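Novice: First, the structure itself, so that you have it in front of you.
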Amino acid sequence: MKKLIYLVPIVVLAALAVMFTVGLGRDPKTIPSVLIDRPVPSFALEALPDRGKPLSSTDLTGQVTLVNIFGSWCVACIAEHPILVNISKTGEVPIHGIAWREKDPRDAMRWLGRHGDPYDRVGHDADSRVAIDFGVTGAPETFVVDPKGVIRYKHIGPVTTEVWENTLKPLIAQLRKSP
Amino acid sequence: MTRFLLPIIAVMMAASPVAAVQPDEMLADPVMELRAREISKELRCVVCQNESIDESNAELARDLRLVVRDRLMQGDADDQVIKYVVDRYGDYVLLRPPFKASTYILWFGPLLFAVLAVFGGWRFYKARGGSAIAATVAAESAPPPLSAEERRKLDKLLKDTDGAGDTA
Amino acid sequence: MAGDLMAAFSIAELGHFALILALFVSVAQSIVPLVGAHRGDAAMMSLARPGAVALALLVGFSFLALTYSFVVSDFSVSNVFENSHTDKPMLYKISGVWGNHEGSLLLWITTLVIFGLAVALSGSNIPPQLRARALSVQAMITLGFLAFILFTSNPFLRIDPAPFEGRGLNPLLQDPGLAFHPPMLYLGYVGFSMAFSFAVAALIEGKVDAAWARWVRPWTLVAWVFLTAGIALGSWWAYYELGWGGWWYWDPVENASFMPWLVGTALLHSAIVVEKRDSLKSWTILLAILTFGMSLLGTFLVRSGVITSVHAFAADPTRGVFILLLLVVSMGGALTLYAIRAPQLKGGGLFAPVSREGGLLLNNLLMSTATATVLLGTLYPLIADTLGLGKVSVGPPFFEAVFVPLMVPAIIAMAIGPMLAWKRGDLRGALARLWVAAALGVAGMGAVWLMRGGALSDVLAAFGIGIAIWLFVGTLMEFADRVRLFRASLAESGRRARNLPRAAWGMTIAHAGVALIVAGVTASSAWKGETVQTQKFGETVSVSGWDFTLLSAETFRAENYTGVRGTFRLSKDGEDLGLMHPEKRTYTSPPMPTTEAAIYTTGIHDLYAVIGDPTPDGQAFVTRLYFEPLVPFLWYGSAMLCLGGLVSLSDRRHRIGAPVRRRDRVPAGAKPARA
């Protein structure tokens with residue numbers, strides 16, 4: 001018994017080593033969304049100028065939808081945009097957009113004009129309140145919302161073809177089968 | 001700010017300037033503003049590398065500072081304001097970890113360490129013989145009194161040498 | 001110019017080559033002296049000293065080669081290209097050597113070999129077996145890091161063709177405080193490697209005695225002094241440069257340097273007991289191992305990316321794997337050896353719980369608990385994530401809540417401990433002799449509390465000031481007691497003071513320094529004044545009774561930045577105290593804004609002014625003004641800690657060595673007495 005206490009330090013070291021090995025494979029900064037399986041926060045945003053079709057939370061019921069947070073200042077959004085445009089062309093699922101933190105909403109319109117407009121409805125979130133309600137930490141982020149208006153998934157970062165094929169598309173199919 | 005540059009810029013900006021509150025954010029009522037500052041110090045800037053929204057220059061930090069003040073103006077109590085933010089971002093946003101099942105190890109840990117330390121100390125003394133030590137040590141430290149002759153010699157020695165004895 | 005580049009070409013290559021040679025030497029050094037000590041082979045053991053010298057020369061040359069490459073801006077060296085720029089002032093070109101991952105690793109290794117060199121060159125009194133083993137262990141650590149740097153983080157990689165200009169150094173690092181902070185820190189927590197090596201050597205030998213404690217102490221003290229200075233410099237930089245009057249944030253990287261300091265302090269104190277009373281051996285050995293373990297852990301945390309931090313170097317999980325391997329192998333080996341050998345270490349002198357040794361043991365326990373607590377808080381986000389408990393943040397509120405209650409008993413005990421006798425102390429007597437300190441502490445607490453208005457919220461802070469006074473006065477009283485001040489003649493006291501061992505002086509100075517730090521920490525945390533506003537030219541803003549008047553602001557241009565310099569007049573109660581010039585700078589390469597706070601110090605308090613952005617019409621600026629009470633005490637106290645350590649280091653014991661018993665003279669023919 002007496003001698004066993006001398007083993008404590010090395011046991012603690014072993015435990016720490018295991019934990020660190022696991023930790024090396026993880027990113028401490030990505031935080032999972034706490035809004036999964038909770039209803040979309042209620043909001044009503046104005047449309048972008050000369051575009052019409054504003055976005056509010058009531059538009060997110062009745063069918064599976066994607067909500068994409070973007071901004072004309074966002075470089076990574078340019079990277080994902082072609083994929084969103086393709087998805088909208090196939091008509092698989094309606095994509096709604098929230099233009100976040102635009103100093104001038106016309107910037108967003110110009111950006112969509114240049115890069116393509118995959119969105120059904122777009123809301124302009126001038127003061128970030130809606131983004132905060134969604135727990136957004138940056139752009140782009142994309143939410144999958146089920147027909148009942150419940151958030152079922154959040155993807156942080158650009159949507160790549162891989163993410164679309166392997167994660168989002170199957171999830172959307174699944175949600176349609178068993179709402 | 002782009003998704004990828006955001007953390008880098010946040011670090012650079014956050015690490016360089018200053019308690020980041022701008023005058024145009026501040027509330028007119030100083031008591032409420034003080035509450036807002038205190039609450040902000042408890043909330044983590046989620047796009048920064050380990051800073052509170054009070055200190056960070058990131059845009060999102062500013063947005064959250066404004067949200068905090070907005071909720072206070074709407075009459076929320078301090079813990080309601082915090083709950084508002086936690087409802088949206090999770091426990092991660094709390095710089096003072098909550099006291100719940102997932103953090104028992106954290107909060108009880110220091111207490112446990114202190115108890116272990118006390119226990120370790122107690123076992124150390126016990127293993128060395130406990131009361132027997134006290135007796136031995138007492139016996140060792142209480143030698144028979146000095147005779148007059150010995151006392152005179154001792155006084156003389158003490159005068160001649162220095163007190164620079166066996167001490168740290 | 002071409003000649004310079006040619007020279008630079010070969011020097012960088014030579015530097016690289018030197019590192020490779022050093023790798024081979026360290027392999028030899030790890031094996032030969034160790035085997036020699038095991039066999040008692042004097043020839044093999046004698047290779048340890050020249051081996052350590054060779055390592056130091058090779059690595060030292062390599063470090064100088066890298067420095068040269070930075071100084072001449074040799075952009076063919078990838079590391080120089082990434083981290084330097086011809087526009088950088090020379091001082092910062094040099095400090096750029098260690099302002100990046102690869103260069104800082106080279107500094108790590110340079111520190112390892114410097115300590116090995118120091119042990120090789122000094123201490124002819126160290127028994128050859130102990131020295132051989134210790135130098136071998138030190139070489140093993142060096143070997144690990146050399147492999148790390150050569151295989152994953154080579155600072156001498158070349159680019160062909162060489163670019164004309166570098167990518168620039170982060171302007172945040174262009175500050176003298178920060179230029180010297182990393183080397184100090186490294187000399188500190190890397191320096192504890194020597195205590196580690198000695199501890200492992202002692203475990204291999206199976207013997208820990210007073211002599212060992214005496215050999216270990218100088219290296220441990222040197223490392224501790226540097227670490228203290230490094231941490232203090234870092235805090236001072238945060239306060240001076242970052243501009244919000246903060247000096248400690250419990251950020252993981254800060255904690256990474258604080259934990260070795262806590263355990264290192266415990267080690268220093270524990271080693272005293274081994275030296276004086278031949279006791280607490282296995283505790284001390286464990287502390288020596290753990291102190292360096294904390295250093296390695298800190299290096300891992302900072303560079304691997306498992307923890308988020310403001311300070312982290314570009315995190316890279318592959319580097320993390322290598323450091324983790326180093327950590328596991330070195331600590332695993334040492335702790336396994338500990339598990340096997342430590343139970344056999346025979347404890348020596350017995351002592352009562354209330355005694356000088358008991359006090360030092362209490363210090364061990366408190367410091368260890370504090371370290372474990374800080375470690376838990378720092379690692380908890382990772383622990384929670386690994387155990388699936390979700391993402392949790394642990395920030396300053398946690399650390400303050402748990403660390404302070406641990407330190408309070410330590411501060412109180414620090415005044416009592418030195419008053420107790422060895423073996424068995426008289427607590428009542430010690431407390432009785434300290435009554436003045438207690439009285440002043442309580443009086444001080446009361447006075448400060450009343451001065452602040454007697455609010456309930458100020459009680460704890462007043463208590464903090466109270467125990468700081470208790471410690472300060474108590475330390476002085478212990479000193480006075482020792483020199484018999486007021487009980488013997490002044491001449492007598494003077495004589496006693498002069499002849500007091502330096503270590504006693506060191507303790508007094510260091511403990512008094514702690515008291516000042518406690519006062520500074522308490523006051524600046526509790527009673528800081530802050531205002532943020534848009535201030536017009538000519539407008540006066542008051543903070544805690546001090547008046548700041550914004551007079552003007554002008555733009556200017558310097559070597560590699562442009563800026564705005566504001567001018568404030570500071571006054572109090574109508575008395576003009578002078579001008580303050582905070583700046584807001586924009587660096588050019590890479591483009592980045594920073595602030596330089598203006599600090600006015602009274603020697604007791606600091607006043608702090610920061611200038612922000614102008615209003616659109618340019619007639620007013622955002623200004624932040626702070627009153628920082630007792631912050632200078634933090635720096636005074638830290639300086640005293642370092643001074644105390646240095647004074648202790650100069651104690652003649654360290655030059656003379658441990659006493660060796662002489663055989664008593666006996667008549668011829670009689671049996672020799674036992675030594």
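Each chain of the structure tokens is named A, B, ... in the order shown, its residues numbered from 1; ligands are numbered from 1 in display order.
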Mind running chain A against chain C at 12 Å and telling me each contacting residue's nearest atom pair with the distance in Å (one decimal), counting only C-alpha atoms, chain and number ascending, as a tab-separated table?
Specialist:
residue	atom	partner	partner_atom	distance
A:Met1	CA	C:Pro343	CA	11.4
A:Lys2	CA	C:Pro343	CA	8.4
A:Lys3	CA	C:Pro343	CA	6.4
A:Leu4	CA	C:Ala339	CA	8.2
A:Ile5	CA	C:Ala339	CA	8.4
A:Tyr6	CA	C:Ala339	CA	4.8
A:Leu7	CA	C:Ala339	CA	5.3
A:Val8	CA	C:Ala339	CA	8.4
A:Pro9	CA	C:Leu335	CA	6.6
A:Ile10	CA	C:Leu335	CA	5.5
A:Val11	CA	C:Leu335	CA	9.3
A:Val12	CA	C:Leu335	CA	10.3
A:Leu13	CA	C:Gly332	CA	7.2
A:Ala14	CA	C:Val328	CA	8.0
A:Ala15	CA	C:Ile383	CA	10.5
A:Leu16	CA	C:Ile383	CA	9.1
A:Ala17	CA	C:Val328	CA	6.9
A:Val18	CA	C:Thr386	CA	9.7
A:Met19	CA	C:Thr386	CA	6.7
A:Phe20	CA	C:Val306	CA	7.5
A:Thr21	CA	C:Val321	CA	7.5
A:Val22	CA	C:Thr386	CA	6.9
A:Gly23	CA	C:Val306	CA	5.7
A:Leu24	CA	C:Pro317	CA	5.7
A:Gly25	CA	C:Pro317	CA	7.5
A:Arg26	CA	C:Val306	CA	7.3
A:Asp27	CA	C:Val306	CA	7.0
A:Pro28	CA	C:Ile307	CA	6.3
A:Lys29	CA	C:Thr308	CA	7.0
A:Thr30	CA	C:Lys391	CA	8.8
A:Ile31	CA	C:Lys391	CA	6.6
A:Pro32	CA	C:Lys391	CA	8.0
A:Ser33	CA	C:Lys391	CA	10.5
A:Val34	CA	C:Gly390	CA	10.5
Novice: With 12 Å as the limit and counting only C-alpha atoms, what residues in chain B lie close to chain A? Please list them as an MDAnalysis selection string.
Specialist: chainID B and resid 1:7 44:50 58:68 70:71 84:93 120 123:124 127
Novice: Define the interface residues of chain C facing chain B as those within 6 Å, counting only C-alpha atoms, and report them as a list in words.
Specialist: Leu242, Gly243, Trp244, Thr308, Ser309, Val310, Leu365, Thr369, Thr373, Leu389, Lys391, Val392, Ser393, Val394, Gly395, Pro397, Phe398, Arg496, Leu500, Ala504, Gln533, Thr594 and Thr595 of chain C
Novice: So that I have them on file, write out the residues from the current selection with N, CA and C atoms, as a CSV table (one decimal), in the first residue's frame.
Specialist:
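Just written: selection_34.csv:
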chain,number,residue,atom,x,y,z
C,242,LEU,N,-0.2,46.6,-23.7
C,242,LEU,CA,-1.6,46.2,-24.2
C,242,LEU,C,-2.6,47.3,-23.8
C,243,GLY,N,-2.3,48.1,-22.9
C,243,GLY,CA,-3.1,49.3,-22.7
C,243,GLY,C,-4.5,49.1,-22.0
C,244,TRP,N,-4.7,48.1,-21.2
C,244,TRP,CA,-5.9,48.2,-20.4
C,244,TRP,C,-5.6,48.0,-18.9
C,308,THR,N,-7.0,27.0,-26.5
C,308,THR,CA,-7.0,28.3,-27.2
C,308,THR,C,-6.4,29.3,-26.3
C,309,SER,N,-5.6,30.1,-26.9
C,309,SER,CA,-4.9,31.2,-26.1
C,309,SER,C,-4.6,32.4,-27.0
C,310,VAL,N,-4.6,33.5,-26.3
C,310,VAL,CA,-4.2,34.8,-27.1
C,310,VAL,C,-2.8,34.7,-27.5
C,365,LEU,N,3.0,21.6,0.3
C,365,LEU,CA,1.6,21.2,0.1
C,365,LEU,C,0.7,22.3,-0.5
C,369,THR,N,-0.8,22.2,-4.2
C,369,THR,CA,-2.3,22.3,-4.4
C,369,THR,C,-2.6,23.4,-5.4
C,373,THR,N,-4.4,23.0,-8.9
C,373,THR,CA,-5.6,23.8,-9.2
C,373,THR,C,-5.5,24.6,-10.5
C,389,LEU,N,-18.2,16.1,-22.2
C,389,LEU,CA,-19.1,17.0,-21.4
C,389,LEU,C,-19.4,18.3,-22.0
C,391,LYS,N,-18.4,21.8,-24.6
C,391,LYS,CA,-17.4,22.8,-24.6
C,391,LYS,C,-17.5,23.8,-23.5
C,392,VAL,N,-16.5,23.9,-22.6
C,392,VAL,CA,-16.6,24.7,-21.4
C,392,VAL,C,-15.4,25.7,-21.5
C,393,SER,N,-15.7,26.9,-21.0
C,393,SER,CA,-14.6,27.9,-20.9
C,393,SER,C,-14.2,28.1,-19.4
C,394,VAL,N,-13.0,28.2,-19.2
C,394,VAL,CA,-12.5,28.5,-17.8
C,394,VAL,C,-11.7,29.8,-17.9
C,395,GLY,N,-12.3,30.8,-17.3
C,395,GLY,CA,-11.6,32.1,-17.4
C,395,GLY,C,-11.2,32.7,-16.1
C,397,PRO,N,-12.5,34.5,-13.8
C,397,PRO,CA,-13.4,34.3,-12.6
C,397,PRO,C,-13.1,33.0,-11.8
C,398,PHE,N,-12.9,31.9,-12.6
C,398,PHE,CA,-12.7,30.7,-11.9
C,398,PHE,C,-11.3,30.7,-11.1
C,496,ARG,N,26.2,41.4,13.6
C,496,ARG,CA,25.4,40.2,13.3
C,496,ARG,C,24.8,40.2,11.9
C,500,LEU,N,25.5,37.5,8.9
C,500,LEU,CA,24.4,36.6,8.6
C,500,LEU,C,24.6,36.0,7.2
C,504,ALA,N,20.1,34.0,4.4
C,504,ALA,CA,19.1,34.6,5.3
C,504,ALA,C,18.7,36.0,4.8
C,533,GLN,N,-14.5,57.7,-22.7
C,533,GLN,CA,-15.4,58.8,-23.2
C,533,GLN,C,-14.8,59.4,-24.5
C,594,THR,N,-1.8,49.5,-33.2
C,594,THR,CA,-1.5,49.2,-31.8
C,594,THR,C,-1.6,50.5,-31.0
C,595,THR,N,-1.7,50.3,-29.7
C,595,THR,CA,-1.7,51.5,-28.9
C,595,THR,C,-0.5,51.5,-27.9
Novice: Which polymer residues have any atom within 7 Å of an atom of Thr378 in chain C, counting only C-alpha atoms, with same-chain residues fewer than 3 positions away left out, as a ChimeraX atom specification?
Specialist: /C:252,374-375
Novice: Dump C-alpha atoms for the selected residues as an mmCIF file, in the first residue's frame?
Specialist:
data_model
loop_
_atom_site.group_PDB
_atom_site.id
_atom_site.type_symbol
_atom_site.label_atom_id
_atom_site.label_comp_id
_atom_site.auth_asym_id
_atom_site.auth_seq_id
_atom_site.Cartn_x
_atom_site.Cartn_y
_atom_site.Cartn_z
ATOM 1 C CA PRO C 252 -3.236 29.177 -20.689
ATOM 2 C CA VAL C 374 -4.200 26.029 -11.943
ATOM 3 C CA LEU C 375 -3.464 22.950 -14.037
#
Novice: Please list as a PyMOL selection string every residue within 9 Å of range 63-65 of chain C, counting only C-alpha atoms and excluding residues in the same chain fewer than 5 positions away.
Specialist: chain C and resi 8+11-16+58+70+97+103+106-107+110
Novice: List the spatial neighbours of Asp78 in chain B as a count of residues only - criterion: any atom at most 8 Å away, only C-alpha atoms, same-chain residues fewer than 4 positions off excluded.
Specialist: 4
Novice: Find the residues around range 159-170 of chain A up to 7 Å (only C-alpha atoms counted), leave out those fewer than 2 positions away in its own chain, and share them as a ChimeraX atom specification.
Specialist: /A:80,83,157,172-174
Novice: For C-alpha atoms, I'd like the residues from the last selection saved as a PDB file, in the first residue's frame.
Specialist:
ATOM      1  CA  GLU A  80     -19.052  28.370 -51.395  1.00  0.00           C
ATOM      2  CA  ILE A  83     -22.144  25.331 -54.968  1.00  0.00           C
ATOM      3  CA  GLY A 157     -17.795  27.309 -42.807  1.00  0.00           C
ATOM      4  CA  ILE A 172     -32.615  16.586 -46.137  1.00  0.00           C
ATOM      5  CA  ALA A 173     -33.811  13.310 -47.668  1.00  0.00           C
ATOM      6  CA  GLN A 174     -34.152  11.773 -44.232  1.00  0.00           C
TER       7      GLN A 174
END
Novice: Give me every strand (DSSP E) residue in range 52-160 of chain A, going by DSSP on the backbone, as a PDB file with N, CA and C atoms, in the first residue's frame.
Specialist:
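The resulting file, out-v6.pdb, is shown below:
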ATOM      1  N   THR A  65     -35.875  23.417 -45.421  1.00  0.00           N
ATOM      2  CA  THR A  65     -35.195  24.562 -46.036  1.00  0.00           C
ATOM      3  C   THR A  65     -33.771  24.682 -45.520  1.00  0.00           C
ATOM      4  N   LEU A  66     -32.966  25.385 -46.296  1.00  0.00           N
ATOM      5  CA  LEU A  66     -31.624  25.760 -45.840  1.00  0.00           C
ATOM      6  C   LEU A  66     -31.624  27.263 -45.598  1.00  0.00           C
ATOM      7  N   VAL A  67     -30.961  27.666 -44.502  1.00  0.00           N
ATOM      8  CA  VAL A  67     -30.773  29.095 -44.244  1.00  0.00           C
ATOM      9  C   VAL A  67     -29.274  29.361 -44.241  1.00  0.00           C
ATOM     10  N   ASN A  68     -28.855  30.266 -45.117  1.00  0.00           N
ATOM     11  CA  ASN A  68     -27.417  30.528 -45.284  1.00  0.00           C
ATOM     12  C   ASN A  68     -27.087  31.946 -44.839  1.00  0.00           C
ATOM     13  N   ILE A  69     -26.115  32.050 -43.945  1.00  0.00           N
ATOM     14  CA  ILE A  69     -25.665  33.359 -43.479  1.00  0.00           C
ATOM     15  C   ILE A  69     -24.508  33.788 -44.371  1.00  0.00           C
ATOM     16  N   PHE A  70     -24.624  34.988 -44.983  1.00  0.00           N
ATOM     17  CA  PHE A  70     -23.557  35.432 -45.865  1.00  0.00           C
ATOM     18  C   PHE A  70     -23.357  36.930 -45.742  1.00  0.00           C
ATOM     19  N   ILE A  95     -33.171  27.525 -50.713  1.00  0.00           N
ATOM     20  CA  ILE A  95     -32.144  28.138 -49.871  1.00  0.00           C
ATOM     21  C   ILE A  95     -32.561  29.578 -49.620  1.00  0.00           C
ATOM     22  N   HIS A  96     -32.656  29.919 -48.336  1.00  0.00           N
ATOM     23  CA  HIS A  96     -32.912  31.309 -47.971  1.00  0.00           C
ATOM     24  C   HIS A  96     -31.630  31.924 -47.434  1.00  0.00           C
ATOM     25  N   GLY A  97     -31.498  33.224 -47.626  1.00  0.00           N
ATOM     26  CA  GLY A  97     -30.262  33.862 -47.178  1.00  0.00           C
ATOM     27  C   GLY A  97     -30.509  34.940 -46.140  1.00  0.00           C
ATOM     28  N   ILE A  98     -29.543  35.116 -45.280  1.00  0.00           N
ATOM     29  CA  ILE A  98     -29.561  36.260 -44.364  1.00  0.00           C
ATOM     30  C   ILE A  98     -28.292  37.041 -44.619  1.00  0.00           C
ATOM     31  N   ALA A  99     -28.465  38.266 -45.115  1.00  0.00           N
ATOM     32  CA  ALA A  99     -27.316  39.145 -45.366  1.00  0.00           C
ATOM     33  C   ALA A  99     -26.954  39.789 -44.045  1.00  0.00           C
ATOM     34  N   TRP A 100     -25.758  39.446 -43.573  1.00  0.00           N
ATOM     35  CA  TRP A 100     -25.376  39.803 -42.210  1.00  0.00           C
ATOM     36  C   TRP A 100     -24.366  40.917 -42.204  1.00  0.00           C
ATOM     37  N   VAL A 122     -34.429  36.504 -49.134  1.00  0.00           N
ATOM     38  CA  VAL A 122     -33.241  37.039 -48.446  1.00  0.00           C
ATOM     39  C   VAL A 122     -33.685  38.098 -47.454  1.00  0.00           C
ATOM     40  N   GLY A 123     -33.176  37.993 -46.216  1.00  0.00           N
ATOM     41  CA  GLY A 123     -33.451  39.024 -45.232  1.00  0.00           C
ATOM     42  C   GLY A 123     -32.182  39.797 -44.932  1.00  0.00           C
ATOM     43  N   HIS A 124     -32.366  41.082 -44.645  1.00  0.00           N
ATOM     44  CA  HIS A 124     -31.196  41.906 -44.325  1.00  0.00           C
ATOM     45  C   HIS A 124     -31.150  42.119 -42.824  1.00  0.00           C
ATOM     46  N   ASP A 125     -30.112  41.556 -42.183  1.00  0.00           N
ATOM     47  CA  ASP A 125     -29.969  41.663 -40.735  1.00  0.00           C
ATOM     48  C   ASP A 125     -29.019  42.812 -40.431  1.00  0.00           C
ATOM     49  N   GLU A 141     -22.312  30.378 -42.574  1.00  0.00           N
ATOM     50  CA  GLU A 141     -22.866  29.276 -41.802  1.00  0.00           C
ATOM     51  C   GLU A 141     -24.184  28.891 -42.442  1.00  0.00           C
ATOM     52  N   THR A 142     -24.491  27.614 -42.387  1.00  0.00           N
ATOM     53  CA  THR A 142     -25.709  27.152 -43.044  1.00  0.00           C
ATOM     54  C   THR A 142     -26.509  26.267 -42.109  1.00  0.00           C
ATOM     55  N   PHE A 143     -27.816  26.557 -42.001  1.00  0.00           N
ATOM     56  CA  PHE A 143     -28.691  25.788 -41.119  1.00  0.00           C
ATOM     57  C   PHE A 143     -29.644  24.949 -41.947  1.00  0.00           C
ATOM     58  N   VAL A 144     -29.933  23.744 -41.439  1.00  0.00           N
ATOM     59  CA  VAL A 144     -30.970  22.909 -42.042  1.00  0.00           C
ATOM     60  C   VAL A 144     -32.190  22.980 -41.131  1.00  0.00           C
ATOM     61  N   VAL A 145     -33.317  23.415 -41.702  1.00  0.00           N
ATOM     62  CA  VAL A 145     -34.535  23.590 -40.912  1.00  0.00           C
ATOM     63  C   VAL A 145     -35.596  22.632 -41.423  1.00  0.00           C
ATOM     64  N   ILE A 151     -34.653  23.668 -36.079  1.00  0.00           N
ATOM     65  CA  ILE A 151     -33.285  23.578 -36.602  1.00  0.00           C
ATOM     66  C   ILE A 151     -32.760  22.176 -36.336  1.00  0.00           C
ATOM     67  N   ARG A 152     -32.279  21.540 -37.400  1.00  0.00           N
ATOM     68  CA  ARG A 152     -31.818  20.169 -37.200  1.00  0.00           C
ATOM     69  C   ARG A 152     -30.315  20.024 -37.372  1.00  0.00           C
ATOM     70  N   TYR A 153     -29.695  21.007 -38.033  1.00  0.00           N
ATOM     71  CA  TYR A 153     -28.251  20.883 -38.259  1.00  0.00           C
ATOM     72  C   TYR A 153     -27.671  22.248 -38.559  1.00  0.00           C
ATOM     73  N   LYS A 154     -26.403  22.445 -38.140  1.00  0.00           N
ATOM     74  CA  LYS A 154     -25.703  23.690 -38.479  1.00  0.00           C
ATOM     75  C   LYS A 154     -24.345  23.335 -39.044  1.00  0.00           C
ATOM     76  N   HIS A 155     -24.041  23.891 -40.190  1.00  0.00           N
ATOM     77  CA  HIS A 155     -22.702  23.695 -40.745  1.00  0.00           C
ATOM     78  C   HIS A 155     -21.940  25.007 -40.672  1.00  0.00           C
ATOM     79  N   ILE A 156     -20.734  24.920 -40.044  1.00  0.00           N
ATOM     80  CA  ILE A 156     -19.917  26.125 -39.907  1.00  0.00           C
ATOM     81  C   ILE A 156     -18.882  26.129 -41.020  1.00  0.00           C
TER      82      ILE A 156
END
Novice: DSSP on the backbone: which residues in chain A end up as helix (DSSP H, G or I)? Give the answer as a ChimeraX atom specification.
Specialist: /A:3-24,57-60,75-90,105-115,129-133,161-177
Novice: Atoms to include: C-alpha atoms. Write the selected residues as a CSV table (one decimal), in the first residue's frame.
Specialist:
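Generated file (selection-v8.csv):
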chain,number,residue,atom,x,y,z
A,3,LYS,CA,4.6,1.7,-2.2
A,4,LEU,CA,1.5,2.2,-4.4
A,5,ILE,CA,1.4,5.9,-3.6
A,6,TYR,CA,4.6,6.4,-5.5
A,7,LEU,CA,2.8,5.1,-8.6
A,8,VAL,CA,0.3,8.0,-8.5
A,9,PRO,CA,2.4,10.5,-10.5
A,10,ILE,CA,3.0,8.1,-13.4
A,11,VAL,CA,-0.6,7.1,-13.5
A,12,VAL,CA,-1.6,10.7,-13.7
A,13,LEU,CA,0.9,11.2,-16.5
A,14,ALA,CA,-0.5,8.3,-18.4
A,15,ALA,CA,-4.1,9.7,-18.1
A,16,LEU,CA,-2.9,13.1,-19.3
A,17,ALA,CA,-1.0,11.6,-22.2
A,18,VAL,CA,-4.1,9.8,-23.4
A,19,MET,CA,-6.2,13.0,-23.1
A,20,PHE,CA,-3.6,15.0,-25.0
A,21,THR,CA,-3.4,12.5,-27.8
A,22,VAL,CA,-7.2,12.7,-28.2
A,23,GLY,CA,-7.1,16.4,-27.9
A,24,LEU,CA,-4.6,16.8,-30.7
A,57,SER,CA,-39.4,32.8,-39.5
A,58,THR,CA,-42.8,31.9,-40.7
A,59,ASP,CA,-41.3,31.3,-44.2
A,60,LEU,CA,-39.3,28.4,-42.7
A,75,VAL,CA,-14.2,35.9,-48.6
A,76,ALA,CA,-15.1,32.3,-47.9
A,77,CYS,CA,-18.7,33.0,-49.0
A,78,ILE,CA,-17.4,33.5,-52.5
A,79,ALA,CA,-15.8,30.1,-52.3
A,80,GLU,CA,-19.1,28.4,-51.4
A,81,HIS,CA,-21.4,30.4,-53.6
A,82,PRO,CA,-21.1,28.5,-56.8
A,83,ILE,CA,-22.1,25.3,-55.0
A,84,LEU,CA,-25.2,27.1,-53.6
A,85,VAL,CA,-26.0,28.4,-57.0
A,86,ASN,CA,-25.8,24.8,-58.4
A,87,ILE,CA,-28.1,23.5,-55.6
A,88,SER,CA,-30.6,26.2,-56.3
A,89,LYS,CA,-30.5,25.3,-60.0
A,90,THR,CA,-31.4,21.6,-59.2
A,105,PRO,CA,-27.7,46.5,-48.1
A,106,ARG,CA,-27.0,47.5,-51.7
A,107,ASP,CA,-23.6,46.0,-51.2
A,108,ALA,CA,-25.3,42.7,-50.8
A,109,MET,CA,-27.3,43.2,-53.9
A,110,ARG,CA,-24.3,44.0,-55.9
A,111,TRP,CA,-22.5,41.0,-54.6
A,112,LEU,CA,-25.4,38.7,-55.5
A,113,GLY,CA,-25.4,40.3,-58.9
A,114,ARG,CA,-21.7,39.5,-59.4
A,115,HIS,CA,-21.6,36.0,-57.9
A,129,ARG,CA,-29.8,40.6,-33.7
A,130,VAL,CA,-31.1,37.8,-35.8
A,131,ALA,CA,-27.6,36.4,-36.4
A,132,ILE,CA,-27.1,36.4,-32.6
A,133,ASP,CA,-30.4,34.7,-32.1
A,161,THR,CA,-19.6,19.7,-52.8
A,162,GLU,CA,-18.4,17.1,-50.3
A,163,VAL,CA,-20.4,18.6,-47.5
A,164,TRP,CA,-23.5,18.8,-49.7
A,165,GLU,CA,-23.3,15.3,-51.0
A,166,ASN,CA,-22.2,13.5,-47.8
A,167,THR,CA,-24.0,15.5,-45.1
A,168,LEU,CA,-26.7,17.9,-46.2
A,169,LYS,CA,-28.4,16.0,-49.0
A,170,PRO,CA,-28.8,12.8,-47.0
A,171,LEU,CA,-30.1,14.7,-44.0
A,172,ILE,CA,-32.6,16.6,-46.1
A,173,ALA,CA,-33.8,13.3,-47.7
A,174,GLN,CA,-34.2,11.8,-44.2
A,175,LEU,CA,-36.1,14.7,-42.9
A,176,ARG,CA,-38.5,14.5,-45.8
A,177,LYS,CA,-39.2,10.9,-45.2
Novice: Write out as a PyMOL selection string the residues lying within 12 Å of Tyr600 in chain C, counting only C-alpha atoms and excluding same-chain residues fewer than 6 positions away.
Specialist: chain C and resi 240+546+548+568-571+577-582+606-610+625-629+631-632
Novice: When you count only C-alpha atoms, which of these residues is closest to Phe226 in chain C: C:Ser368, C:Ser197, C:Ser257, C:Ser457?
Specialist: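 That would be C:Ser257, the residue with the smallest distance to Phe226 in chain C.
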